[in-house]
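As stored in protein30.txt (compact mmCIF, C-alpha atoms):
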```txt
# COMPACT_ATOMS: atom_id res chain seq x y z
CA MET A 127 -79.65 -24.20 2.93
CA ILE A 128 -78.30 -23.90 -0.61
CA SER A 129 -80.82 -22.72 -3.17
CA LEU A 130 -80.41 -23.08 -6.92
CA ASP A 131 -83.92 -21.88 -7.76
CA ASN A 132 -84.30 -20.74 -11.38
CA LYS A 133 -80.89 -22.14 -12.33
CA ILE A 134 -80.34 -24.41 -15.32
CA ALA A 135 -77.74 -27.15 -15.08
CA LEU A 136 -76.15 -29.67 -17.41
CA VAL A 137 -74.56 -32.78 -15.91
CA THR A 138 -72.59 -35.01 -18.26
CA GLY A 139 -72.50 -38.71 -17.46
CA ALA A 140 -75.58 -38.33 -15.28
CA ALA A 141 -77.41 -41.52 -16.21
CA SER A 142 -75.03 -44.11 -14.78
CA ASN A 143 -75.37 -45.13 -11.14
CA GLY A 144 -72.48 -43.02 -9.95
CA ILE A 145 -71.28 -39.51 -9.29
CA GLY A 146 -73.10 -37.87 -12.19
CA ARG A 147 -76.45 -39.20 -11.07
CA ALA A 148 -75.89 -38.10 -7.48
CA VAL A 149 -74.90 -34.63 -8.68
CA ALA A 150 -78.00 -34.33 -10.85
CA VAL A 151 -80.25 -35.34 -7.94
CA ALA A 152 -78.53 -32.90 -5.56
CA LEU A 153 -78.84 -29.99 -7.99
CA ALA A 154 -82.51 -30.75 -8.65
CA HIS A 155 -83.36 -30.99 -4.95
CA ALA A 156 -81.70 -27.58 -4.51
CA GLY A 157 -84.07 -26.15 -7.12
CA ALA A 158 -82.23 -26.38 -10.45
CA ASP A 159 -83.66 -27.62 -13.72
CA VAL A 160 -81.32 -30.37 -14.95
CA ALA A 161 -80.27 -31.63 -18.37
CA ILE A 162 -79.23 -35.28 -18.10
CA HIS A 163 -76.51 -36.37 -20.50
CA HIS A 164 -75.89 -40.04 -21.22
CA HIS A 165 -74.31 -42.23 -23.87
CA MET A 166 -76.58 -45.07 -24.93
CA GLN A 167 -78.14 -45.40 -21.47
CA HIS A 168 -81.65 -44.39 -22.48
CA GLN A 169 -83.56 -46.31 -19.82
CA LEU A 170 -81.41 -45.08 -16.93
CA ALA A 171 -81.65 -41.51 -18.23
CA ASP A 172 -85.43 -41.72 -18.51
CA GLU A 173 -85.71 -43.16 -15.00
CA LEU A 174 -83.62 -40.32 -13.58
CA ALA A 175 -85.64 -37.74 -15.49
CA ALA A 176 -88.85 -39.17 -14.03
CA GLU A 177 -87.36 -38.96 -10.53
CA LEU A 178 -86.40 -35.32 -11.00
CA ASP A 179 -89.74 -34.50 -12.60
CA SER A 180 -91.40 -35.81 -9.45
CA VAL A 181 -89.78 -33.06 -7.37
CA GLY A 182 -91.03 -30.39 -9.74
CA ARG A 183 -87.95 -29.79 -11.85
CA ARG A 184 -87.79 -29.37 -15.61
CA THR A 185 -85.57 -32.02 -17.16
CA MET A 186 -84.38 -33.24 -20.51
CA THR A 187 -82.24 -36.20 -21.55
CA LEU A 188 -79.56 -36.03 -24.22
CA ASN A 189 -77.55 -38.83 -25.78
CA ALA A 190 -74.04 -37.95 -26.97
CA ASP A 191 -70.62 -39.54 -27.35
CA LEU A 192 -68.33 -36.98 -25.72
CA GLY A 193 -65.37 -38.54 -27.48
CA ASP A 194 -66.69 -36.67 -30.52
CA PRO A 195 -66.19 -32.89 -30.07
CA ALA A 196 -69.03 -32.07 -32.44
CA GLN A 197 -71.49 -34.07 -30.34
CA ALA A 198 -70.10 -32.52 -27.15
CA ARG A 199 -70.61 -29.00 -28.45
CA LYS A 200 -74.09 -29.73 -29.79
CA LEU A 201 -75.02 -31.05 -26.36
CA VAL A 202 -74.50 -27.61 -24.81
CA HIS A 203 -76.40 -25.83 -27.59
CA ASP A 204 -79.37 -28.18 -27.21
CA VAL A 205 -79.55 -27.59 -23.45
CA ALA A 206 -79.40 -23.82 -23.80
CA ASP A 207 -82.04 -23.87 -26.56
CA HIS A 208 -84.51 -26.21 -24.85
CA LEU A 209 -84.18 -24.99 -21.27
CA ASP A 210 -83.63 -21.31 -22.16
CA GLY A 211 -80.12 -20.93 -20.85
CA LEU A 212 -77.30 -22.58 -18.95
CA ASP A 213 -76.05 -21.49 -15.53
CA ILE A 214 -74.20 -24.57 -14.27
CA CYS A 215 -72.12 -27.05 -16.27
CA VAL A 216 -70.82 -30.15 -14.49
CA ALA A 217 -68.41 -32.19 -16.59
CA CYS A 218 -68.51 -35.68 -15.11
CA ALA A 219 -68.59 -38.25 -17.92
CA ALA A 220 -65.37 -40.26 -17.93
CA THR A 221 -63.95 -43.65 -18.76
CA LEU A 222 -61.32 -45.82 -17.12
CA ASP A 223 -59.64 -49.15 -17.71
CA ARG A 224 -56.66 -50.67 -15.91
CA VAL A 225 -53.80 -51.61 -18.24
CA PRO A 226 -50.05 -51.86 -17.56
CA PHE A 227 -48.23 -48.92 -19.15
CA VAL A 228 -46.29 -51.06 -21.62
CA ASP A 229 -49.53 -52.68 -22.83
CA ILE A 230 -51.64 -49.55 -23.41
CA THR A 231 -52.64 -49.43 -27.06
CA ASP A 232 -52.97 -46.26 -29.11
CA GLU A 233 -56.69 -46.93 -29.27
CA GLN A 234 -56.99 -47.18 -25.47
CA TRP A 235 -54.88 -44.06 -24.94
CA ASN A 236 -56.87 -42.03 -27.45
CA ARG A 237 -60.27 -43.14 -26.18
CA VAL A 238 -59.49 -42.21 -22.57
CA HIS A 239 -58.10 -38.81 -23.56
CA ASP A 240 -60.88 -38.17 -26.07
CA ILE A 241 -63.56 -38.58 -23.38
CA ASN A 242 -61.77 -37.53 -20.20
CA LEU A 243 -59.92 -34.49 -21.53
CA ARG A 244 -61.02 -33.44 -25.00
CA GLY A 245 -64.67 -34.08 -24.05
CA TYR A 246 -64.30 -31.87 -20.97
CA PHE A 247 -62.66 -29.19 -23.13
CA ALA A 248 -65.38 -29.19 -25.78
CA VAL A 249 -68.31 -29.16 -23.34
CA SER A 250 -66.73 -26.57 -21.05
CA GLN A 251 -65.65 -24.28 -23.87
CA GLU A 252 -69.15 -24.21 -25.35
CA ALA A 253 -70.64 -23.67 -21.89
CA ALA A 254 -68.21 -20.80 -21.28
CA ARG A 255 -69.08 -19.17 -24.60
CA HIS A 256 -72.73 -19.17 -23.60
CA MET A 257 -72.01 -17.95 -20.07
CA VAL A 258 -69.82 -15.08 -21.30
CA THR A 259 -72.84 -13.55 -23.00
CA ARG A 260 -74.61 -13.60 -19.61
CA GLN A 261 -71.53 -12.62 -17.59
CA SER A 262 -72.38 -15.38 -15.15
CA GLY A 263 -71.90 -19.10 -14.70
CA ARG A 264 -70.44 -22.05 -12.84
CA ILE A 265 -68.28 -24.69 -14.51
CA ILE A 266 -67.34 -27.66 -12.34
CA MET A 267 -65.14 -30.50 -13.51
CA ILE A 268 -65.14 -33.87 -11.78
CA SER A 269 -61.50 -34.84 -11.82
CA SER A 270 -59.74 -37.32 -9.52
CA ILE A 271 -56.97 -37.42 -6.95
CA ASN A 272 -55.10 -38.93 -9.88
CA GLN A 273 -54.75 -35.41 -11.27
CA THR A 274 -51.71 -35.20 -8.97
CA HIS A 275 -51.17 -38.77 -7.71
CA ALA A 276 -49.96 -41.58 -9.97
CA THR A 277 -51.47 -45.05 -9.76
CA PRO A 278 -50.16 -48.25 -11.38
CA ASN A 279 -51.86 -49.41 -14.59
CA LEU A 280 -53.57 -46.05 -15.15
CA ALA A 281 -51.03 -43.95 -17.07
CA HIS A 282 -53.61 -42.98 -19.70
CA TYR A 283 -56.22 -42.12 -17.05
CA VAL A 284 -53.95 -40.14 -14.69
CA SER A 285 -52.49 -38.13 -17.57
CA SER A 286 -56.00 -37.22 -18.73
CA LYS A 287 -56.92 -36.07 -15.22
CA GLY A 288 -53.72 -34.05 -14.90
CA GLY A 289 -54.75 -32.33 -18.11
CA VAL A 290 -58.22 -31.65 -16.73
CA MET A 291 -56.72 -29.95 -13.68
CA MET A 292 -54.64 -27.55 -15.75
CA LEU A 293 -57.47 -26.98 -18.21
CA ALA A 294 -59.73 -25.89 -15.35
CA ARG A 295 -57.10 -23.63 -13.84
CA ALA A 296 -56.38 -21.97 -17.19
CA MET A 297 -60.09 -21.45 -17.80
CA ALA A 298 -60.56 -20.04 -14.31
CA LEU A 299 -57.83 -17.49 -14.92
CA GLU A 300 -59.22 -16.32 -18.25
CA LEU A 301 -62.89 -16.29 -17.23
CA ALA A 302 -62.60 -14.78 -13.75
CA ASN A 303 -63.47 -11.28 -14.96
CA GLN A 304 -66.50 -12.58 -16.87
CA GLY A 305 -68.52 -13.62 -13.81
CA ILE A 306 -67.70 -17.30 -14.42
CA THR A 307 -66.07 -19.59 -11.89
CA VAL A 308 -64.29 -22.79 -12.86
CA ASN A 309 -63.45 -25.34 -10.18
CA LEU A 310 -62.59 -29.00 -9.73
CA VAL A 311 -63.79 -31.74 -7.43
CA ALA A 312 -61.25 -34.54 -7.04
CA PRO A 313 -62.77 -37.75 -5.67
CA GLY A 314 -60.67 -40.47 -4.13
CA THR A 315 -61.95 -44.02 -3.98
CA ILE A 316 -65.66 -43.74 -4.73
CA LEU A 317 -67.76 -46.83 -5.39
CA THR A 318 -69.46 -46.38 -8.77
CA ASP A 319 -70.36 -48.43 -11.84
CA LEU A 320 -66.93 -47.49 -13.22
CA ASN A 321 -65.09 -49.54 -10.59
CA ARG A 322 -67.74 -51.81 -9.07
CA GLU A 323 -66.31 -54.87 -10.81
CA ASN A 324 -62.86 -54.16 -9.37
CA PHE A 325 -64.25 -53.91 -5.84
CA ALA A 326 -65.98 -57.27 -6.19
CA ASP A 327 -62.45 -58.62 -5.72
CA GLU A 328 -62.12 -58.76 -1.93
CA GLU A 329 -58.33 -58.59 -2.00
CA PHE A 330 -58.42 -55.48 -4.19
CA LYS A 331 -61.00 -53.92 -1.88
CA ARG A 332 -59.01 -54.75 1.25
CA LYS A 333 -55.86 -53.14 -0.13
CA LYS A 334 -57.73 -49.98 -1.12
CA LEU A 335 -59.45 -49.65 2.25
CA SER A 336 -56.12 -50.03 4.05
CA LEU A 337 -54.96 -46.78 2.42
CA ILE A 338 -57.98 -44.69 3.48
CA PRO A 339 -57.79 -43.12 6.96
CA MET A 340 -61.60 -43.03 7.23
CA GLU A 341 -61.58 -46.80 6.52
CA ARG A 342 -64.51 -46.73 4.12
CA LEU A 343 -65.14 -46.28 0.43
CA GLY A 344 -66.67 -43.01 -0.64
CA ILE A 345 -70.14 -42.86 -2.13
CA PRO A 346 -71.37 -40.59 -4.93
CA ASP A 347 -73.31 -38.39 -2.49
CA ASP A 348 -70.01 -37.47 -0.83
CA VAL A 349 -68.91 -35.86 -4.09
CA ALA A 350 -72.30 -34.33 -4.90
CA GLY A 351 -72.17 -32.19 -1.75
CA ALA A 352 -68.97 -30.51 -2.88
CA VAL A 353 -70.40 -29.89 -6.36
CA LEU A 354 -73.56 -28.39 -4.88
CA TYR A 355 -71.50 -25.90 -2.88
CA LEU A 356 -69.38 -24.86 -5.87
CA ALA A 357 -72.52 -24.41 -7.97
CA SER A 358 -74.06 -22.05 -5.43
CA ASP A 359 -73.87 -18.32 -4.78
CA GLU A 360 -72.05 -19.15 -1.56
CA ALA A 361 -69.01 -20.05 -3.70
CA SER A 362 -69.13 -16.94 -5.89
CA TYR A 363 -65.60 -15.82 -4.87
CA ILE A 364 -63.97 -19.22 -5.35
CA THR A 365 -62.36 -20.14 -8.65
CA GLY A 366 -59.50 -22.28 -9.90
CA ILE A 367 -59.41 -24.55 -6.86
CA THR A 368 -59.81 -28.27 -6.19
CA ILE A 369 -61.99 -29.69 -3.45
CA THR A 370 -60.59 -33.13 -2.64
CA VAL A 371 -63.14 -35.72 -1.49
CA ASP A 372 -61.10 -38.76 -0.51
CA GLY A 373 -61.57 -39.70 3.15
CA GLY A 374 -58.01 -38.61 3.86
CA LEU A 375 -56.41 -40.85 1.23
CA THR A 376 -53.98 -38.19 0.01
CA LEU A 377 -52.85 -37.45 3.57
CA VAL A 378 -51.02 -40.75 3.77
```
So that I can check it, write out the structure of this file as structure tokens.
Amino acid sequence: MISLDNKIALVTGAASNGIGRAVAVALAHAGADVAIHHHMQHQLADELAAELDSVGRRTMTLNADLGDPAQARKLVHDVADHLDGLDICVACAATLDRVPFVDITDEQWNRVHDINLRGYFAVSQEAARHMVTRQSGRIIMISSINQTHATPNLAHYVSSKGGVMMLARAMALELANQGITVNLVAPGTILTDLNRENFADEEFKRKKLSLIPMERLGIPDDVAGAVLYLASDEASYITGITITVDGGLTLV
């Protein structure tokens, strides 16, 4: 059984009912104290903190717009200051909207890249700076199968995820001799608040399911298991890799 006793974790995008929340719960149940990041989701963050408190974990909630690098960096400093360190950083907060390539506005392009790529960079860089002083740490980025697979109407999203993949690999290379691992988890079709409205369309859902060999949508807990492993001592010799969690989607 994986143990994260005495570890301190930050999970960005943890308050929404999706992957971030499932990751925060999994880390806490394994013994970690968890900082819950959210952006204007105060009630959901407080409810999650109460749940984690009930299993004996220290928690804190932090509101920040990760599209602003200054807020992203302050987030890491606040966690390290209030919880006395940072051992695990899970970059999960992301945004997505479906727009034909020719219709993507500069504003839409910039917002997706500001959160999905620059936000990951700012949070992960600050986390790495803290971890270097301790010569130990785990940085895990929640990417997507779209880091290597294009999808219609998502040019801004897939390009941001491709950037995340190479960012993580570059970080892994530079930080490997500092006791810090950097890895990616690439979900396939996972039902979350980010895409729940899309899957209310039965035709859209049917088409997506037809592409998945396991013939079901993924759930956030499917992704949380991979994150839990990468955060653990059992994965201490693994860095710069992607664990794909997609029910076989990319096999087709």
Restrict the calculation to all atoms listed in the file, then for each residue of range 226-327 of chain A with any atom at most 10 Å from an atom of range 340-345 of chain A give the closest atom pair and their distance in Å to one decimal, rows by chain and rising residue number, as a tab-separated table.
```
residue	atom	partner	partner_atom	distance
A:Pro313	CA	A:Gly344	CA	8.3
A:Gly314	CA	A:Gly344	CA	7.4
A:Thr315	CA	A:Gly344	CA	5.9
A:Ile316	CA	A:Gly344	CA	4.3
A:Leu317	CA	A:Ile345	CA	5.7
A:Thr318	CA	A:Ile345	CA	7.5
A:Phe325	CA	A:Leu343	CA	9.9
```
Separation of CA of Val284 in chain A from CA of Leu222 in chain A, in Å and rounded to one decimal =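 CA of Leu222 in chain A lies 9.6 Å from CA of Val284 in chain A.
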His275 in chain A surroundings by only C-alpha atoms, 10 Å radius, close-in-sequence under 3 positions cut, as a ChimeraX atom specification:
/A:270-272,284-285,287-288,376
Report the closest atom pair, with its distance in Å rounded to one decimal, for each residue of range 294-371 of chain A that has an atom no farther than 10 Å from range 210-219 of chain A; count all atoms listed in the file, sort by chain and then rising residue number, and write it as a tab-separated table.
```
residue	atom	partner	partner_atom	distance
A:Ile306	CA	A:Asp213	CA	9.4
A:Thr307	CA	A:Ile214	CA	9.8
A:Val308	CA	A:Cys215	CA	9.5
A:Asn309	CA	A:Val216	CA	9.8
A:Leu310	CA	A:Ala217	CA	9.5
A:Val311	CA	A:Cys218	CA	9.8
A:Val353	CA	A:Val216	CA	8.1
A:Leu356	CA	A:Ile214	CA	9.7
A:Ala357	CA	A:Ile214	CA	6.5
A:Ser358	CA	A:Ile214	CA	9.2
```
Quiz item: Neighbours of Leu301 in chain A within 12 Å (all atoms listed in the file; same-chain residues fewer than 2 positions away dropped), as a list in words?
Solution: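 These residues fall inside the cut-off: Ser250, Gln251, Ala253, Ala254, Arg255, Met257, Val258, Thr259, Gln261, Ser262, Gly263, Arg264, Ile265, Ala294, Arg295, Ala296, Met297, Ala298, Leu299, Asn303, Gln304, Gly305, Ile306, Thr307, Val308, Asn309, Thr365 and Gly366 of chain A.
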Go through A:Ile369, A:Ala171, A:Leu377, A:Val205 and flag the residue nearest Pro339 in chain A, using all atoms listed in the file for the distances.
->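 With all atoms listed in the file as the atom set, the closest residue is A:Leu377.
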Can you tell me how far CA of Leu170 in chain A sits from CA of Ala141 in chain A, in Å to one decimal?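 Value for the CA of Leu170 in chain A-CA of Ala141 in chain A distance: 5.4 Å.
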Enumerate, as an mmCIF file with C-alpha atoms, in the coordinates of the input, the protein, DNA and RNA residues whose atoms approach (-60.2, -38.0, -25.5) to within 12 Å, taking into account only C-alpha atoms and the coordinate frame of the file.
```
data_model
loop_
_atom_site.group_PDB
_atom_site.id
_atom_site.type_symbol
_atom_site.label_atom_id
_atom_site.label_comp_id
_atom_site.auth_asym_id
_atom_site.auth_seq_id
_atom_site.Cartn_x
_atom_site.Cartn_y
_atom_site.Cartn_z
ATOM 1 C CA ASP A 191 -70.620 -39.540 -27.350
ATOM 2 C CA LEU A 192 -68.330 -36.980 -25.720
ATOM 3 C CA GLY A 193 -65.370 -38.540 -27.480
ATOM 4 C CA ASP A 194 -66.690 -36.670 -30.520
ATOM 5 C CA PRO A 195 -66.190 -32.890 -30.070
ATOM 6 C CA ALA A 198 -70.100 -32.520 -27.150
ATOM 7 C CA ALA A 219 -68.590 -38.250 -17.920
ATOM 8 C CA ALA A 220 -65.370 -40.260 -17.930
ATOM 9 C CA THR A 221 -63.950 -43.650 -18.760
ATOM 10 C CA LEU A 222 -61.320 -45.820 -17.120
ATOM 11 C CA ASP A 232 -52.970 -46.260 -29.110
ATOM 12 C CA GLU A 233 -56.690 -46.930 -29.270
ATOM 13 C CA GLN A 234 -56.990 -47.180 -25.470
ATOM 14 C CA TRP A 235 -54.880 -44.060 -24.940
ATOM 15 C CA ASN A 236 -56.870 -42.030 -27.450
ATOM 16 C CA ARG A 237 -60.270 -43.140 -26.180
ATOM 17 C CA VAL A 238 -59.490 -42.210 -22.570
ATOM 18 C CA HIS A 239 -58.100 -38.810 -23.560
ATOM 19 C CA ASP A 240 -60.880 -38.170 -26.070
ATOM 20 C CA ILE A 241 -63.560 -38.580 -23.380
ATOM 21 C CA ASN A 242 -61.770 -37.530 -20.200
ATOM 22 C CA LEU A 243 -59.920 -34.490 -21.530
ATOM 23 C CA ARG A 244 -61.020 -33.440 -25.000
ATOM 24 C CA GLY A 245 -64.670 -34.080 -24.050
ATOM 25 C CA TYR A 246 -64.300 -31.870 -20.970
ATOM 26 C CA PHE A 247 -62.660 -29.190 -23.130
ATOM 27 C CA ALA A 248 -65.380 -29.190 -25.780
ATOM 28 C CA HIS A 282 -53.610 -42.980 -19.700
ATOM 29 C CA TYR A 283 -56.220 -42.120 -17.050
ATOM 30 C CA SER A 285 -52.490 -38.130 -17.570
ATOM 31 C CA SER A 286 -56.000 -37.220 -18.730
ATOM 32 C CA LYS A 287 -56.920 -36.070 -15.220
ATOM 33 C CA GLY A 289 -54.750 -32.330 -18.110
ATOM 34 C CA VAL A 290 -58.220 -31.650 -16.730
#
```
Quick one: 6 Å padding each side, axis-aligned, all listed atoms of range 153-166 of chain A - centre and edge lengths in Å to one decimal, as AutoDock Vina command-line options?
```
--center_x -79.2 --center_y -35.6 --center_z -14.7 --size_x 21.8 --size_y 30.9 --size_z 32.4
```
Nearest to Ser362 in chain A by atom-to-atom distance, counting all atoms listed in the file, from A:Leu178, A:Ala302, A:Ala206, A:Ile230:
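Between A:Leu178, A:Ala302, A:Ala206, A:Ile230, the residue approaching Ser362 in chain A most closely is A:Ala302.
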A:Leu209, A:Arg184, A:Leu280, A:His256 ranked by distance to Val228 in chain A, top pick (using only C-alpha atoms):
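Going through A:Leu209, A:Arg184, A:Leu280, A:His256 one by one, the smallest distance to Val228 in chain A is for A:Leu280.
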Item checked: Coordinates-based distance that separates CA of Asn132 in chain A from CA of Gln169 in chain A (Å, one decimal) ->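 Taking CA of Gln169 in chain A as the start and CA of Asn132 in chain A as the end point, the length is 26.9 Å.
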Using only C-alpha atoms, the residue out of A:Asp372, A:Ala312, A:Leu354, A:Asp223 with shortest distance to Val137 in chain A is A:Leu354
Checklist entry - Nearest to Gly373 in chain A among A:Ala161, A:Ala196, A:Val151, A:Ile338, with distances taken over all atoms listed in the file: which residue is it? => result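 Looking only at the distances to Gly373 in chain A, the closest residue turns out to be A:Ile338.
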Excluding His164 in chain A and residues on its chain fewer than 4 positions from it, collect all residues at most 7 Å away from it, counting only C-alpha atoms, and give them as an MDAnalysis selection string. chainID A and resid 138:141 171 188:190
Point out the residue among A:Val349, A:Leu201, A:Ala154, A:Leu320 with the least atom-to-atom distance to Ile266 in chain A, counting only C-alpha atoms.
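The closest residue to Ile266 in chain A is A:Val349.
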For range 314-337 of chain A, supply N, CA, C and O atoms and format the output as a PDB file, in the frame of the given file.
```pdb
ATOM      1  N   GLY A 314     -61.605 -39.369  -4.349  1.00  0.00           N
ATOM      2  CA  GLY A 314     -60.670 -40.470  -4.130  1.00  0.00           C
ATOM      3  C   GLY A 314     -61.327 -41.764  -4.562  1.00  0.00           C
ATOM      4  O   GLY A 314     -61.795 -41.894  -5.697  1.00  0.00           O
ATOM      5  N   THR A 315     -61.404 -42.709  -3.659  1.00  0.00           N
ATOM      6  CA  THR A 315     -61.950 -44.020  -3.980  1.00  0.00           C
ATOM      7  C   THR A 315     -63.453 -44.013  -3.724  1.00  0.00           C
ATOM      8  O   THR A 315     -63.905 -44.154  -2.591  1.00  0.00           O
ATOM      9  N   ILE A 316     -64.208 -43.818  -4.785  1.00  0.00           N
ATOM     10  CA  ILE A 316     -65.660 -43.740  -4.730  1.00  0.00           C
ATOM     11  C   ILE A 316     -66.255 -44.956  -5.437  1.00  0.00           C
ATOM     12  O   ILE A 316     -65.888 -45.253  -6.578  1.00  0.00           O
ATOM     13  N   LEU A 317     -67.153 -45.640  -4.784  1.00  0.00           N
ATOM     14  CA  LEU A 317     -67.760 -46.830  -5.390  1.00  0.00           C
ATOM     15  C   LEU A 317     -68.811 -46.404  -6.411  1.00  0.00           C
ATOM     16  O   LEU A 317     -69.823 -45.789  -6.072  1.00  0.00           O
ATOM     17  N   THR A 318     -68.551 -46.714  -7.679  1.00  0.00           N
ATOM     18  CA  THR A 318     -69.460 -46.380  -8.770  1.00  0.00           C
ATOM     19  C   THR A 318     -69.487 -47.537  -9.764  1.00  0.00           C
ATOM     20  O   THR A 318     -68.731 -48.507  -9.637  1.00  0.00           O
ATOM     21  N   ASP A 319     -70.323 -47.412 -10.796  1.00  0.00           N
ATOM     22  CA  ASP A 319     -70.360 -48.430 -11.840  1.00  0.00           C
ATOM     23  C   ASP A 319     -69.012 -48.570 -12.547  1.00  0.00           C
ATOM     24  O   ASP A 319     -68.691 -49.626 -13.097  1.00  0.00           O
ATOM     25  N   LEU A 320     -68.212 -47.489 -12.528  1.00  0.00           N
ATOM     26  CA  LEU A 320     -66.930 -47.490 -13.220  1.00  0.00           C
ATOM     27  C   LEU A 320     -65.940 -48.459 -12.593  1.00  0.00           C
ATOM     28  O   LEU A 320     -65.075 -49.009 -13.273  1.00  0.00           O
ATOM     29  N   ASN A 321     -66.063 -48.673 -11.265  1.00  0.00           N
ATOM     30  CA  ASN A 321     -65.090 -49.540 -10.590  1.00  0.00           C
ATOM     31  C   ASN A 321     -65.724 -50.660  -9.770  1.00  0.00           C
ATOM     32  O   ASN A 321     -65.037 -51.372  -9.047  1.00  0.00           O
ATOM     33  N   ARG A 322     -67.040 -50.819  -9.887  1.00  0.00           N
ATOM     34  CA  ARG A 322     -67.740 -51.810  -9.070  1.00  0.00           C
ATOM     35  C   ARG A 322     -67.197 -53.224  -9.288  1.00  0.00           C
ATOM     36  O   ARG A 322     -67.079 -54.015  -8.350  1.00  0.00           O
ATOM     37  N   GLU A 323     -66.846 -53.533 -10.516  1.00  0.00           N
ATOM     38  CA  GLU A 323     -66.310 -54.870 -10.810  1.00  0.00           C
ATOM     39  C   GLU A 323     -64.981 -55.093 -10.103  1.00  0.00           C
ATOM     40  O   GLU A 323     -64.711 -56.187  -9.586  1.00  0.00           O
ATOM     41  N   ASN A 324     -64.140 -54.041 -10.066  1.00  0.00           N
ATOM     42  CA  ASN A 324     -62.860 -54.160  -9.370  1.00  0.00           C
ATOM     43  C   ASN A 324     -63.058 -54.440  -7.884  1.00  0.00           C
ATOM     44  O   ASN A 324     -62.343 -55.265  -7.287  1.00  0.00           O
ATOM     45  N   PHE A 325     -64.043 -53.767  -7.273  1.00  0.00           N
ATOM     46  CA  PHE A 325     -64.250 -53.910  -5.840  1.00  0.00           C
ATOM     47  C   PHE A 325     -65.004 -55.196  -5.473  1.00  0.00           C
ATOM     48  O   PHE A 325     -65.155 -55.507  -4.295  1.00  0.00           O
ATOM     49  N   ALA A 326     -65.441 -55.940  -6.466  1.00  0.00           N
ATOM     50  CA  ALA A 326     -65.980 -57.270  -6.190  1.00  0.00           C
ATOM     51  C   ALA A 326     -64.862 -58.238  -5.799  1.00  0.00           C
ATOM     52  O   ALA A 326     -65.109 -59.284  -5.185  1.00  0.00           O
ATOM     53  N   ASP A 327     -63.626 -57.862  -6.126  1.00  0.00           N
ATOM     54  CA  ASP A 327     -62.450 -58.620  -5.720  1.00  0.00           C
ATOM     55  C   ASP A 327     -62.101 -58.218  -4.292  1.00  0.00           C
ATOM     56  O   ASP A 327     -61.662 -57.085  -4.045  1.00  0.00           O
ATOM     57  N   GLU A 328     -62.296 -59.098  -3.345  1.00  0.00           N
ATOM     58  CA  GLU A 328     -62.120 -58.760  -1.930  1.00  0.00           C
ATOM     59  C   GLU A 328     -60.688 -58.357  -1.604  1.00  0.00           C
ATOM     60  O   GLU A 328     -60.469 -57.490  -0.751  1.00  0.00           O
ATOM     61  N   GLU A 329     -59.719 -58.955  -2.259  1.00  0.00           N
ATOM     62  CA  GLU A 329     -58.330 -58.590  -2.000  1.00  0.00           C
ATOM     63  C   GLU A 329     -58.049 -57.165  -2.486  1.00  0.00           C
ATOM     64  O   GLU A 329     -57.382 -56.374  -1.808  1.00  0.00           O
ATOM     65  N   PHE A 330     -58.558 -56.830  -3.651  1.00  0.00           N
ATOM     66  CA  PHE A 330     -58.420 -55.480  -4.190  1.00  0.00           C
ATOM     67  C   PHE A 330     -59.081 -54.479  -3.243  1.00  0.00           C
ATOM     68  O   PHE A 330     -58.502 -53.433  -2.913  1.00  0.00           O
ATOM     69  N   LYS A 331     -60.269 -54.809  -2.780  1.00  0.00           N
ATOM     70  CA  LYS A 331     -61.000 -53.920  -1.880  1.00  0.00           C
ATOM     71  C   LYS A 331     -60.244 -53.745  -0.563  1.00  0.00           C
ATOM     72  O   LYS A 331     -60.139 -52.625  -0.039  1.00  0.00           O
ATOM     73  N   ARG A 332     -59.731 -54.827  -0.018  1.00  0.00           N
ATOM     74  CA  ARG A 332     -59.010 -54.750   1.250  1.00  0.00           C
ATOM     75  C   ARG A 332     -57.795 -53.832   1.142  1.00  0.00           C
ATOM     76  O   ARG A 332     -57.528 -53.009   2.030  1.00  0.00           O
ATOM     77  N   LYS A 333     -57.044 -53.971   0.059  1.00  0.00           N
ATOM     78  CA  LYS A 333     -55.860 -53.140  -0.130  1.00  0.00           C
ATOM     79  C   LYS A 333     -56.234 -51.667  -0.250  1.00  0.00           C
ATOM     80  O   LYS A 333     -55.547 -50.792   0.314  1.00  0.00           O
ATOM     81  N   LYS A 334     -57.313 -51.376  -0.966  1.00  0.00           N
ATOM     82  CA  LYS A 334     -57.730 -49.980  -1.120  1.00  0.00           C
ATOM     83  C   LYS A 334     -58.186 -49.388   0.213  1.00  0.00           C
ATOM     84  O   LYS A 334     -57.834 -48.258   0.559  1.00  0.00           O
ATOM     85  N   LEU A 335     -58.961 -50.141   0.971  1.00  0.00           N
ATOM     86  CA  LEU A 335     -59.450 -49.650   2.250  1.00  0.00           C
ATOM     87  C   LEU A 335     -58.298 -49.399   3.233  1.00  0.00           C
ATOM     88  O   LEU A 335     -58.371 -48.487   4.068  1.00  0.00           O
ATOM     89  N   SER A 336     -57.248 -50.181   3.135  1.00  0.00           N
ATOM     90  CA  SER A 336     -56.120 -50.030   4.050  1.00  0.00           C
ATOM     91  C   SER A 336     -55.400 -48.700   3.858  1.00  0.00           C
ATOM     92  O   SER A 336     -54.651 -48.259   4.730  1.00  0.00           O
ATOM     93  N   LEU A 337     -55.628 -48.049   2.724  1.00  0.00           N
ATOM     94  CA  LEU A 337     -54.960 -46.780   2.420  1.00  0.00           C
ATOM     95  C   LEU A 337     -55.796 -45.569   2.821  1.00  0.00           C
ATOM     96  O   LEU A 337     -55.299 -44.434   2.773  1.00  0.00           O
TER      97      LEU A 337
END
```
